[in-house]
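For reference, the structure discussed in these notes is given below.
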2 protein chains.
Amino acid sequence: MAAALELYDERGFEQTTVADIAERAGVTERTFFRHFGDKREVLFDRDGGLQTAFVEALAAAPADADAWTALAPALDAGCDFLADRRDHARRRQRVIDATPGLQERELLKLAALTAALTAGLRGRGLSELAAGVAAEAVVGAFRVAFTRWIDPAEDRDLRTVGRAALAELRAVVS
Amino acid sequence: MAAALELYDERGFEQTTVADIAERAGVTERTFFRHFGDKREVLFDRDGGLQTAFVEALAAAPADADAWTALAPALDAGCDFLADRRDHARRRQRVIDATPGLQERELLKLAALTAALTAGLRGRGLSELAAGVAAEAVVGAFRVAFTRWIDPAEDRDLRTVGRAALAELRAVVS
(Lines give C-alpha, C1' and ligand atoms only; values in the text may rest on other atoms or scores of the structure.)
Protein backbone atom coordinates (compact mmCIF):
# COMPACT_ATOMS: atom_id res chain seq x y z
CA MET A 1 0.00 0.00 0.00
CA ALA A 2 2.82 2.39 0.87
CA ALA A 3 4.68 1.56 -2.34
CA ALA A 4 1.54 2.12 -4.41
CA LEU A 5 0.76 5.47 -2.79
CA GLU A 6 4.33 6.67 -3.28
CA LEU A 7 4.20 5.81 -6.95
CA TYR A 8 0.73 7.30 -7.53
CA ASP A 9 1.93 10.49 -5.89
CA GLU A 10 5.24 10.60 -7.79
CA ARG A 11 4.11 9.55 -11.26
CA GLY A 12 0.34 9.85 -11.25
CA PHE A 13 -2.24 7.13 -10.74
CA GLU A 14 -2.81 6.43 -14.42
CA GLN A 15 0.92 6.21 -15.14
CA THR A 16 1.57 3.58 -12.46
CA THR A 17 1.23 -0.13 -13.26
CA VAL A 18 0.77 -3.05 -10.90
CA ALA A 19 4.18 -4.24 -12.10
CA ASP A 20 5.69 -0.93 -10.90
CA ILE A 21 4.04 -1.30 -7.50
CA ALA A 22 5.15 -4.91 -7.07
CA GLU A 23 8.71 -3.98 -8.00
CA ARG A 24 8.81 -1.05 -5.56
CA ALA A 25 7.40 -3.23 -2.78
CA GLY A 26 9.74 -6.13 -3.58
CA VAL A 27 6.90 -8.60 -4.15
CA THR A 28 5.40 -10.34 -7.17
CA GLU A 29 2.33 -9.07 -9.02
CA ARG A 30 0.63 -12.24 -7.82
CA THR A 31 1.16 -11.10 -4.25
CA PHE A 32 -0.32 -7.69 -5.07
CA PHE A 33 -3.46 -9.36 -6.39
CA ARG A 34 -3.80 -11.47 -3.27
CA HIS A 35 -4.40 -8.21 -1.39
CA PHE A 36 -6.09 -5.93 -3.93
CA GLY A 37 -8.44 -6.56 -6.84
CA ASP A 38 -6.97 -3.66 -8.80
CA LYS A 39 -4.98 -0.42 -8.54
CA ARG A 40 -7.97 1.55 -7.25
CA GLU A 41 -8.59 -0.76 -4.32
CA VAL A 42 -5.33 0.33 -2.73
CA LEU A 43 -6.86 3.77 -2.20
CA PHE A 44 -10.35 2.79 -1.06
CA ASP A 45 -11.22 1.19 2.18
CA ARG A 46 -12.24 -2.06 0.57
CA ASP A 47 -13.45 -3.71 3.75
CA GLY A 48 -15.74 -0.80 4.53
CA GLY A 49 -13.99 -0.20 7.87
CA LEU A 50 -14.88 3.48 7.98
CA GLN A 51 -18.55 2.83 7.36
CA THR A 52 -18.58 0.00 9.89
CA ALA A 53 -17.03 2.28 12.50
CA PHE A 54 -19.75 4.88 11.97
CA VAL A 55 -22.63 2.41 11.86
CA GLU A 56 -21.57 0.32 14.85
CA ALA A 57 -21.09 3.39 17.04
CA LEU A 58 -24.53 4.65 16.04
CA ALA A 59 -26.05 1.25 16.85
CA ALA A 60 -24.24 1.23 20.21
CA ALA A 61 -25.78 4.53 21.33
CA PRO A 62 -28.54 4.15 23.95
CA ALA A 63 -31.90 3.46 22.30
CA ASP A 64 -33.45 6.45 24.04
CA ALA A 65 -30.70 8.91 23.01
CA ASP A 66 -31.91 11.53 20.54
CA ALA A 67 -30.47 11.35 17.05
CA TRP A 68 -27.96 14.16 17.50
CA THR A 69 -26.62 12.64 20.71
CA ALA A 70 -26.30 9.28 18.97
CA LEU A 71 -24.57 10.72 15.91
CA ALA A 72 -21.75 12.45 17.81
CA PRO A 73 -20.05 9.19 18.90
CA ALA A 74 -20.61 7.79 15.41
CA LEU A 75 -18.65 10.71 13.97
CA ASP A 76 -16.00 10.23 16.67
CA ALA A 77 -15.65 6.59 15.68
CA GLY A 78 -15.28 7.46 12.01
CA CYS A 79 -12.63 10.04 12.90
CA ASP A 80 -10.80 7.59 15.16
CA PHE A 81 -10.70 5.06 12.35
CA LEU A 82 -8.48 7.43 10.36
CA ALA A 83 -6.70 9.11 13.26
CA ASP A 84 -3.26 7.55 12.95
CA ARG A 85 -3.10 7.79 9.16
CA ARG A 86 -2.74 11.51 8.60
CA ASP A 87 0.30 11.36 6.31
CA HIS A 88 -1.29 8.53 4.40
CA ALA A 89 -4.54 10.52 4.12
CA ARG A 90 -2.69 13.58 2.81
CA ARG A 91 -0.84 11.66 0.15
CA ARG A 92 -3.95 9.72 -0.81
CA GLN A 93 -5.94 12.94 -1.19
CA ARG A 94 -3.31 14.45 -3.47
CA VAL A 95 -3.65 11.41 -5.72
CA ILE A 96 -7.45 11.59 -5.69
CA ASP A 97 -7.50 15.33 -6.35
CA ALA A 98 -5.28 14.76 -9.38
CA THR A 99 -7.44 11.95 -10.84
CA PRO A 100 -11.09 12.70 -11.74
CA GLY A 101 -12.15 9.04 -11.91
CA LEU A 102 -11.02 8.59 -8.30
CA GLN A 103 -13.00 11.62 -7.10
CA GLU A 104 -16.15 9.97 -8.36
CA ARG A 105 -15.35 6.77 -6.49
CA GLU A 106 -14.75 8.78 -3.32
CA LEU A 107 -18.15 10.48 -3.67
CA LEU A 108 -19.86 7.12 -4.20
CA LYS A 109 -18.25 5.81 -0.99
CA LEU A 110 -19.54 8.81 0.96
CA ALA A 111 -23.01 8.40 -0.57
CA ALA A 112 -22.99 4.77 0.61
CA LEU A 113 -21.97 5.91 4.10
CA THR A 114 -24.85 8.41 4.10
CA ALA A 115 -27.30 5.67 3.07
CA ALA A 116 -26.03 3.37 5.84
CA LEU A 117 -26.41 6.09 8.48
CA THR A 118 -29.87 6.96 7.16
CA ALA A 119 -30.87 3.30 7.62
CA GLY A 120 -29.43 3.31 11.15
CA LEU A 121 -31.42 6.43 12.05
CA ARG A 122 -34.59 4.99 10.53
CA GLY A 123 -34.05 2.04 12.85
CA ARG A 124 -34.05 4.48 15.75
CA GLY A 125 -37.51 5.64 14.72
CA LEU A 126 -36.71 8.77 12.71
CA SER A 127 -38.85 9.61 9.68
CA GLU A 128 -37.33 9.15 6.25
CA LEU A 129 -36.86 12.90 5.87
CA ALA A 130 -35.34 13.46 9.33
CA ALA A 131 -33.02 10.45 9.03
CA GLY A 132 -31.90 11.55 5.58
CA VAL A 133 -31.09 15.15 6.45
CA ALA A 134 -29.34 14.17 9.70
CA ALA A 135 -27.18 11.57 7.92
CA GLU A 136 -26.33 14.03 5.14
CA ALA A 137 -25.38 16.69 7.66
CA VAL A 138 -23.11 14.40 9.66
CA VAL A 139 -21.36 12.95 6.62
CA GLY A 140 -21.01 16.52 5.35
CA ALA A 141 -19.44 17.53 8.67
CA PHE A 142 -17.09 14.55 8.38
CA ARG A 143 -16.06 15.53 4.88
CA VAL A 144 -15.40 19.13 5.86
CA ALA A 145 -13.50 18.09 9.00
CA PHE A 146 -11.42 15.61 7.03
CA THR A 147 -10.48 18.26 4.46
CA ARG A 148 -9.50 20.62 7.24
CA TRP A 149 -7.53 17.90 9.09
CA ILE A 150 -5.29 17.09 6.12
CA ASP A 151 -4.49 20.76 5.57
CA PRO A 152 -0.81 21.28 6.45
CA ALA A 153 -1.80 24.29 8.56
CA GLU A 154 -4.07 22.21 10.82
CA ASP A 155 -2.62 20.77 14.04
CA ARG A 156 -5.71 19.47 15.83
CA ASP A 157 -6.55 15.77 15.63
CA LEU A 158 -9.45 14.62 13.45
CA ARG A 159 -11.84 13.89 16.31
CA THR A 160 -11.36 17.43 17.62
CA VAL A 161 -11.96 18.95 14.19
CA GLY A 162 -14.99 16.69 13.72
CA ARG A 163 -16.48 17.84 17.00
CA ALA A 164 -15.78 21.46 16.04
CA ALA A 165 -17.59 20.89 12.74
CA LEU A 166 -20.67 19.57 14.57
CA ALA A 167 -20.56 22.54 16.93
CA GLU A 168 -20.40 24.92 13.96
CA LEU A 169 -23.35 23.20 12.35
CA ARG A 170 -25.36 23.51 15.53
CA ALA A 171 -24.43 27.19 15.81
CA VAL A 172 -25.49 27.89 12.22
CA VAL A 173 -28.76 25.98 12.47
CA SER A 174 -29.86 27.23 15.89
CA MET B 1 -34.46 16.34 -24.67
CA ALA B 2 -37.84 14.63 -24.33
CA ALA B 3 -36.96 12.16 -27.10
CA ALA B 4 -33.62 11.34 -25.47
CA LEU B 5 -35.15 10.79 -22.04
CA GLU B 6 -37.84 8.54 -23.46
CA LEU B 7 -35.25 6.41 -25.21
CA TYR B 8 -32.89 6.25 -22.22
CA ASP B 9 -35.80 5.15 -20.08
CA GLU B 10 -37.10 2.59 -22.62
CA ARG B 11 -33.83 1.05 -23.83
CA GLY B 12 -31.21 2.14 -21.33
CA PHE B 13 -28.74 5.00 -21.60
CA GLU B 14 -25.86 2.91 -22.96
CA GLN B 15 -28.07 1.29 -25.59
CA THR B 16 -29.29 4.60 -27.02
CA THR B 17 -27.33 6.35 -29.79
CA VAL B 18 -27.45 9.96 -30.87
CA ALA B 19 -28.81 8.68 -34.20
CA ASP B 20 -31.72 7.08 -32.31
CA ILE B 21 -32.44 10.33 -30.48
CA ALA B 22 -32.31 12.43 -33.64
CA GLU B 23 -34.65 10.01 -35.41
CA ARG B 24 -37.16 10.01 -32.54
CA ALA B 25 -37.09 13.80 -32.37
CA GLY B 26 -37.34 14.18 -36.16
CA VAL B 27 -34.12 16.20 -36.44
CA THR B 28 -30.63 15.53 -37.78
CA GLU B 29 -27.71 14.45 -35.62
CA ARG B 30 -26.14 17.76 -36.50
CA THR B 31 -29.07 19.52 -34.82
CA PHE B 32 -28.63 17.36 -31.69
CA PHE B 33 -25.00 18.43 -31.46
CA ARG B 34 -25.92 22.10 -31.79
CA HIS B 35 -27.71 21.71 -28.44
CA PHE B 36 -25.71 19.04 -26.60
CA GLY B 37 -22.04 18.07 -26.59
CA ASP B 38 -22.89 14.42 -25.99
CA LYS B 39 -25.55 12.03 -24.73
CA ARG B 40 -24.83 12.77 -21.09
CA GLU B 41 -25.39 16.51 -21.44
CA VAL B 42 -29.07 15.94 -22.10
CA LEU B 43 -29.40 14.78 -18.49
CA PHE B 44 -27.25 17.35 -16.74
CA ASP B 45 -28.06 20.97 -16.36
CA ARG B 46 -25.25 22.06 -18.61
CA ASP B 47 -25.71 25.77 -18.05
CA GLY B 48 -25.51 25.37 -14.28
CA GLY B 49 -28.99 26.86 -13.82
CA LEU B 50 -29.64 25.03 -10.57
CA GLN B 51 -26.38 26.18 -9.03
CA THR B 52 -26.94 29.74 -10.26
CA ALA B 53 -30.41 29.76 -8.67
CA PHE B 54 -28.97 28.71 -5.31
CA VAL B 55 -25.99 31.06 -5.43
CA GLU B 56 -27.88 34.15 -6.60
CA ALA B 57 -30.56 33.75 -3.94
CA LEU B 58 -27.88 33.40 -1.28
CA ALA B 59 -26.15 36.53 -2.58
CA ALA B 60 -29.47 38.41 -2.59
CA ALA B 61 -30.10 37.75 1.12
CA PRO B 62 -29.55 40.80 3.35
CA ALA B 63 -25.90 41.11 4.33
CA ASP B 64 -26.81 41.11 8.01
CA ALA B 65 -28.99 37.98 7.81
CA ASP B 66 -27.50 35.01 9.65
CA ALA B 67 -26.38 32.09 7.50
CA TRP B 68 -29.40 29.90 8.19
CA THR B 69 -31.81 32.71 7.33
CA ALA B 70 -29.88 33.36 4.12
CA LEU B 71 -29.78 29.68 3.13
CA ALA B 72 -33.54 29.09 3.30
CA PRO B 73 -34.35 31.28 0.26
CA ALA B 74 -31.37 29.75 -1.55
CA LEU B 75 -32.91 26.30 -1.06
CA ASP B 76 -36.30 27.68 -2.14
CA ALA B 77 -34.74 29.04 -5.33
CA GLY B 78 -33.09 25.70 -6.09
CA CYS B 79 -36.41 23.95 -5.54
CA ASP B 80 -38.29 26.45 -7.69
CA PHE B 81 -35.82 25.89 -10.50
CA LEU B 82 -37.02 22.28 -10.76
CA ALA B 83 -40.62 22.80 -9.66
CA ASP B 84 -42.40 22.38 -12.99
CA ARG B 85 -40.32 19.41 -14.14
CA ARG B 86 -41.50 16.67 -11.82
CA ASP B 87 -42.27 14.08 -14.51
CA HIS B 88 -39.02 14.89 -16.24
CA ALA B 89 -37.17 14.56 -12.92
CA ARG B 90 -38.71 11.17 -12.21
CA ARG B 91 -37.84 9.76 -15.60
CA ARG B 92 -34.36 11.24 -15.46
CA GLN B 93 -33.75 9.70 -12.03
CA ARG B 94 -34.79 6.26 -13.26
CA VAL B 95 -32.17 6.56 -16.01
CA ILE B 96 -29.48 7.73 -13.57
CA ASP B 97 -30.29 5.02 -11.02
CA ALA B 98 -29.88 2.42 -13.76
CA THR B 99 -26.51 3.76 -14.98
CA PRO B 100 -23.56 3.87 -12.52
CA GLY B 101 -21.48 6.28 -14.62
CA LEU B 102 -24.32 8.81 -14.46
CA GLN B 103 -24.62 8.53 -10.67
CA GLU B 104 -21.01 9.65 -10.39
CA ARG B 105 -21.66 12.65 -12.59
CA GLU B 106 -24.68 13.57 -10.45
CA LEU B 107 -22.56 13.43 -7.28
CA LEU B 108 -19.89 15.62 -8.88
CA LYS B 109 -22.55 18.20 -9.76
CA LEU B 110 -23.79 18.26 -6.16
CA ALA B 111 -20.21 18.54 -4.88
CA ALA B 112 -19.73 21.56 -7.15
CA LEU B 113 -22.95 23.10 -5.80
CA THR B 114 -21.69 22.54 -2.24
CA ALA B 115 -18.39 24.23 -3.09
CA ALA B 116 -20.21 27.22 -4.63
CA LEU B 117 -22.43 27.66 -1.56
CA THR B 118 -19.41 27.31 0.73
CA ALA B 119 -17.75 30.16 -1.18
CA GLY B 120 -20.92 32.25 -0.90
CA LEU B 121 -21.06 31.70 2.86
CA ARG B 122 -17.34 32.50 3.23
CA GLY B 123 -18.16 35.78 1.51
CA ARG B 124 -20.72 36.43 4.23
CA GLY B 125 -17.98 36.14 6.83
CA LEU B 126 -18.38 32.53 7.97
CA SER B 127 -15.29 30.52 8.88
CA GLU B 128 -14.16 27.79 6.51
CA LEU B 129 -15.52 25.11 8.84
CA ALA B 130 -18.89 26.81 9.47
CA ALA B 131 -19.40 27.62 5.78
CA GLY B 132 -18.49 24.07 4.77
CA VAL B 133 -20.80 22.29 7.20
CA ALA B 134 -23.69 24.66 6.49
CA ALA B 135 -23.35 24.20 2.72
CA GLU B 136 -23.10 20.42 3.09
CA ALA B 137 -26.20 20.35 5.28
CA VAL B 138 -28.30 22.44 2.90
CA VAL B 139 -27.25 20.50 -0.20
CA GLY B 140 -27.93 17.32 1.77
CA ALA B 141 -31.39 18.62 2.64
CA PHE B 142 -31.95 19.42 -1.03
CA ARG B 143 -30.91 15.94 -2.08
CA VAL B 144 -33.18 14.28 0.47
CA ALA B 145 -36.10 16.57 -0.40
CA PHE B 146 -35.60 15.92 -4.11
CA THR B 147 -35.62 12.15 -3.59
CA ARG B 148 -38.80 12.44 -1.56
CA TRP B 149 -40.43 14.75 -4.12
CA ILE B 150 -39.98 12.35 -7.02
CA ASP B 151 -41.47 9.49 -5.00
CA PRO B 152 -44.84 8.59 -6.57
CA ALA B 153 -46.39 8.65 -3.07
CA GLU B 154 -45.42 12.31 -2.49
CA ASP B 155 -47.93 15.04 -3.37
CA ARG B 156 -46.34 18.15 -1.89
CA ASP B 157 -44.37 20.49 -4.13
CA LEU B 158 -40.57 20.54 -3.94
CA ARG B 159 -40.32 23.84 -2.09
CA THR B 160 -42.63 22.54 0.62
CA VAL B 161 -40.63 19.32 0.98
CA GLY B 162 -37.38 21.33 1.01
CA ARG B 163 -38.67 23.53 3.80
CA ALA B 164 -39.80 20.43 5.71
CA ALA B 165 -36.30 18.96 5.30
CA LEU B 166 -34.73 22.10 6.80
CA ALA B 167 -37.22 22.01 9.67
CA GLU B 168 -36.34 18.36 10.34
CA LEU B 169 -32.64 19.21 10.34
CA ARG B 170 -33.21 21.99 12.81
CA ALA B 171 -35.28 19.69 15.02
CA VAL B 172 -32.57 17.00 15.00
CA VAL B 173 -29.71 19.42 15.65
CA SER B 174 -31.38 21.52 18.33
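Letters A, B, ... go to the chains of the C-alpha coordinates in the order shown; residues in each chain start at 1; ligands are counted from 1 in the same order.
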
Find the spatial neighbours of Phe44 of chain B, counting only C-alpha atoms, within a cut-off of 10 Å - ignore same-chain residues fewer than 2 positions away - and output them as JSON, numbers by chain. {"B": [39, 40, 41, 42, 46, 47, 48, 92, 102, 105, 106, 109]}

I need the residues from that last selection saved to file as an mmCIF file, in the first residue's frame (with all heavy atoms), if you can.
```cif
data_model
loop_
_atom_site.group_PDB
_atom_site.id
_atom_site.type_symbol
_atom_site.label_atom_id
_atom_site.label_comp_id
_atom_site.auth_asym_id
_atom_site.auth_seq_id
_atom_site.Cartn_x
_atom_site.Cartn_y
_atom_site.Cartn_z
ATOM 1 N N LYS B 39 -24.337 12.634 -25.284
ATOM 2 C CA LYS B 39 -25.555 12.029 -24.729
ATOM 3 C C LYS B 39 -25.784 12.376 -23.264
ATOM 4 O O LYS B 39 -26.914 12.481 -22.808
ATOM 5 C CB LYS B 39 -25.446 10.494 -24.819
ATOM 6 C CG LYS B 39 -25.782 9.893 -26.136
ATOM 7 C CD LYS B 39 -26.032 8.379 -26.039
ATOM 8 C CE LYS B 39 -25.097 7.625 -25.117
ATOM 9 N NZ LYS B 39 -25.384 6.186 -25.033
ATOM 10 N N ARG B 40 -24.683 12.495 -22.515
ATOM 11 C CA ARG B 40 -24.828 12.768 -21.085
ATOM 12 C C ARG B 40 -25.374 14.167 -20.813
ATOM 13 O O ARG B 40 -26.095 14.398 -19.852
ATOM 14 C CB ARG B 40 -23.483 12.624 -20.350
ATOM 15 C CG ARG B 40 -22.907 11.223 -20.451
ATOM 16 C CD ARG B 40 -22.115 10.835 -19.237
ATOM 17 N NE ARG B 40 -21.057 11.767 -18.887
ATOM 18 C CZ ARG B 40 -20.252 11.590 -17.853
ATOM 19 N NH1 ARG B 40 -20.372 10.541 -17.073
ATOM 20 N NH2 ARG B 40 -19.313 12.459 -17.593
ATOM 21 N N GLU B 41 -25.001 15.108 -21.689
ATOM 22 C CA GLU B 41 -25.393 16.509 -21.443
ATOM 23 C C GLU B 41 -26.900 16.720 -21.440
ATOM 24 O O GLU B 41 -27.382 17.686 -20.857
ATOM 25 C CB GLU B 41 -24.740 17.439 -22.469
ATOM 26 C CG GLU B 41 -23.340 17.829 -22.071
ATOM 27 C CD GLU B 41 -22.833 19.038 -22.852
ATOM 28 O OE1 GLU B 41 -23.604 19.643 -23.612
ATOM 29 O OE2 GLU B 41 -21.651 19.357 -22.689
ATOM 30 N N VAL B 42 -27.607 15.825 -22.087
ATOM 31 C CA VAL B 42 -29.070 15.936 -22.097
ATOM 32 C C VAL B 42 -29.614 15.827 -20.668
ATOM 33 O O VAL B 42 -30.625 16.440 -20.321
ATOM 34 C CB VAL B 42 -29.688 14.819 -22.977
ATOM 35 C CG1 VAL B 42 -31.207 14.886 -22.936
ATOM 36 C CG2 VAL B 42 -29.181 14.916 -24.407
ATOM 37 N N ARG B 46 -26.563 21.692 -18.103
ATOM 38 C CA ARG B 46 -25.249 22.063 -18.607
ATOM 39 C C ARG B 46 -24.949 23.534 -18.385
ATOM 40 O O ARG B 46 -23.793 23.933 -18.304
ATOM 41 C CB ARG B 46 -25.198 21.608 -20.068
ATOM 42 C CG ARG B 46 -24.884 22.492 -21.145
ATOM 43 C CD ARG B 46 -25.143 21.700 -22.440
ATOM 44 N NE ARG B 46 -26.169 22.387 -23.176
ATOM 45 C CZ ARG B 46 -25.952 23.027 -24.330
ATOM 46 N NH1 ARG B 46 -24.786 22.984 -24.917
ATOM 47 N NH2 ARG B 46 -26.915 23.669 -24.911
ATOM 48 N N ASP B 47 -25.966 24.352 -18.275
ATOM 49 C CA ASP B 47 -25.710 25.773 -18.047
ATOM 50 C C ASP B 47 -25.563 26.103 -16.565
ATOM 51 O O ASP B 47 -25.387 27.260 -16.192
ATOM 52 C CB ASP B 47 -26.856 26.615 -18.626
ATOM 53 C CG ASP B 47 -27.044 26.325 -20.098
ATOM 54 O OD1 ASP B 47 -26.025 26.145 -20.791
ATOM 55 O OD2 ASP B 47 -28.195 26.255 -20.554
ATOM 56 N N GLY B 48 -25.680 25.100 -15.709
ATOM 57 C CA GLY B 48 -25.510 25.369 -14.282
ATOM 58 C C GLY B 48 -26.655 26.172 -13.692
ATOM 59 O O GLY B 48 -26.475 26.895 -12.711
ATOM 60 N N ARG B 92 -35.805 11.039 -15.469
ATOM 61 C CA ARG B 92 -34.361 11.243 -15.460
ATOM 62 C C ARG B 92 -33.707 10.425 -14.331
ATOM 63 O O ARG B 92 -32.675 9.804 -14.507
ATOM 64 C CB ARG B 92 -34.086 12.740 -15.274
ATOM 65 C CG ARG B 92 -32.641 13.099 -15.103
ATOM 66 C CD ARG B 92 -32.510 14.605 -14.886
ATOM 67 N NE ARG B 92 -31.134 14.969 -14.597
ATOM 68 C CZ ARG B 92 -30.598 14.872 -13.392
ATOM 69 N NH1 ARG B 92 -31.303 14.432 -12.380
ATOM 70 N NH2 ARG B 92 -29.336 15.200 -13.198
ATOM 71 N N LEU B 102 -23.527 7.585 -14.586
ATOM 72 C CA LEU B 102 -24.319 8.808 -14.456
ATOM 73 C C LEU B 102 -24.477 9.205 -12.984
ATOM 74 O O LEU B 102 -24.560 10.387 -12.658
ATOM 75 C CB LEU B 102 -25.687 8.627 -15.107
ATOM 76 C CG LEU B 102 -25.648 8.343 -16.613
ATOM 77 C CD1 LEU B 102 -27.059 8.065 -17.124
ATOM 78 C CD2 LEU B 102 -25.031 9.509 -17.374
ATOM 79 N N ARG B 105 -21.550 11.290 -12.058
ATOM 80 C CA ARG B 105 -21.659 12.653 -12.595
ATOM 81 C C ARG B 105 -22.601 13.498 -11.733
ATOM 82 O O ARG B 105 -22.333 14.673 -11.455
ATOM 83 C CB ARG B 105 -22.172 12.576 -14.037
ATOM 84 C CG ARG B 105 -22.478 13.900 -14.701
ATOM 85 C CD ARG B 105 -21.198 14.559 -15.204
ATOM 86 N NE ARG B 105 -21.499 15.696 -16.056
ATOM 87 C CZ ARG B 105 -21.459 15.672 -17.392
ATOM 88 N NH1 ARG B 105 -21.126 14.578 -18.042
ATOM 89 N NH2 ARG B 105 -21.732 16.761 -18.086
ATOM 90 N N GLU B 106 -23.703 12.880 -11.310
ATOM 91 C CA GLU B 106 -24.676 13.568 -10.450
ATOM 92 C C GLU B 106 -24.014 14.003 -9.129
ATOM 93 O O GLU B 106 -24.199 15.130 -8.665
ATOM 94 C CB GLU B 106 -25.841 12.601 -10.173
ATOM 95 C CG GLU B 106 -26.926 13.129 -9.268
ATOM 96 C CD GLU B 106 -27.999 13.881 -10.026
ATOM 97 O OE1 GLU B 106 -27.692 14.456 -11.085
ATOM 98 O OE2 GLU B 106 -29.146 13.908 -9.544
ATOM 99 N N LYS B 109 -21.771 16.966 -9.625
ATOM 100 C CA LYS B 109 -22.549 18.198 -9.759
ATOM 101 C C LYS B 109 -22.945 18.731 -8.383
ATOM 102 O O LYS B 109 -22.893 19.934 -8.124
ATOM 103 C CB LYS B 109 -23.833 17.924 -10.568
ATOM 104 C CG LYS B 109 -23.606 17.817 -12.044
ATOM 105 C CD LYS B 109 -23.538 19.215 -12.645
ATOM 106 C CE LYS B 109 -23.731 19.184 -14.139
ATOM 107 N NZ LYS B 109 -23.625 20.546 -14.717
#
```

Contact residues (chain A, partner chain B, 7 Å, only C-alpha atoms) as a ChimeraX atom specification: /A:67-68,104,107-108,129-130,132-134,136-137,140-141,144,165,168-170,172-174

Interatomic distance between atom CA of Glu6 of chain A and atom CA of Leu158 of chain A? 23.1 Å

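When only C-alpha atoms are used to measure the gap to His35 of chain B, the shortest distance among B:Val18, B:Ala119, B:Ala89, B:Val95 belongs to B:Val18.
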
Spatial neighbours of Arg24 of chain B, 10 Å, only C-alpha atoms, chain gap at least 2 places, as a list of chain:residue names: B:Ala2, B:Ala3, B:Ala4, B:Glu6, B:Leu7, B:Val18, B:Ala19, B:Asp20, B:Ile21, B:Ala22, B:Gly26, B:Val27

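Atom to atom, atom CA of Ala72 of chain B and atom CA of Gly49 of chain B stand 17.9 Å apart.
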
Considering only alpha helix (DSSP H) as DSSP defines it on the backbone, what residues of segment 16-140 of chain B qualify? List them as a PyMOL selection string. chain B and resi 18-25+29-35+49-60+67-82+86-97+100-123+128-140
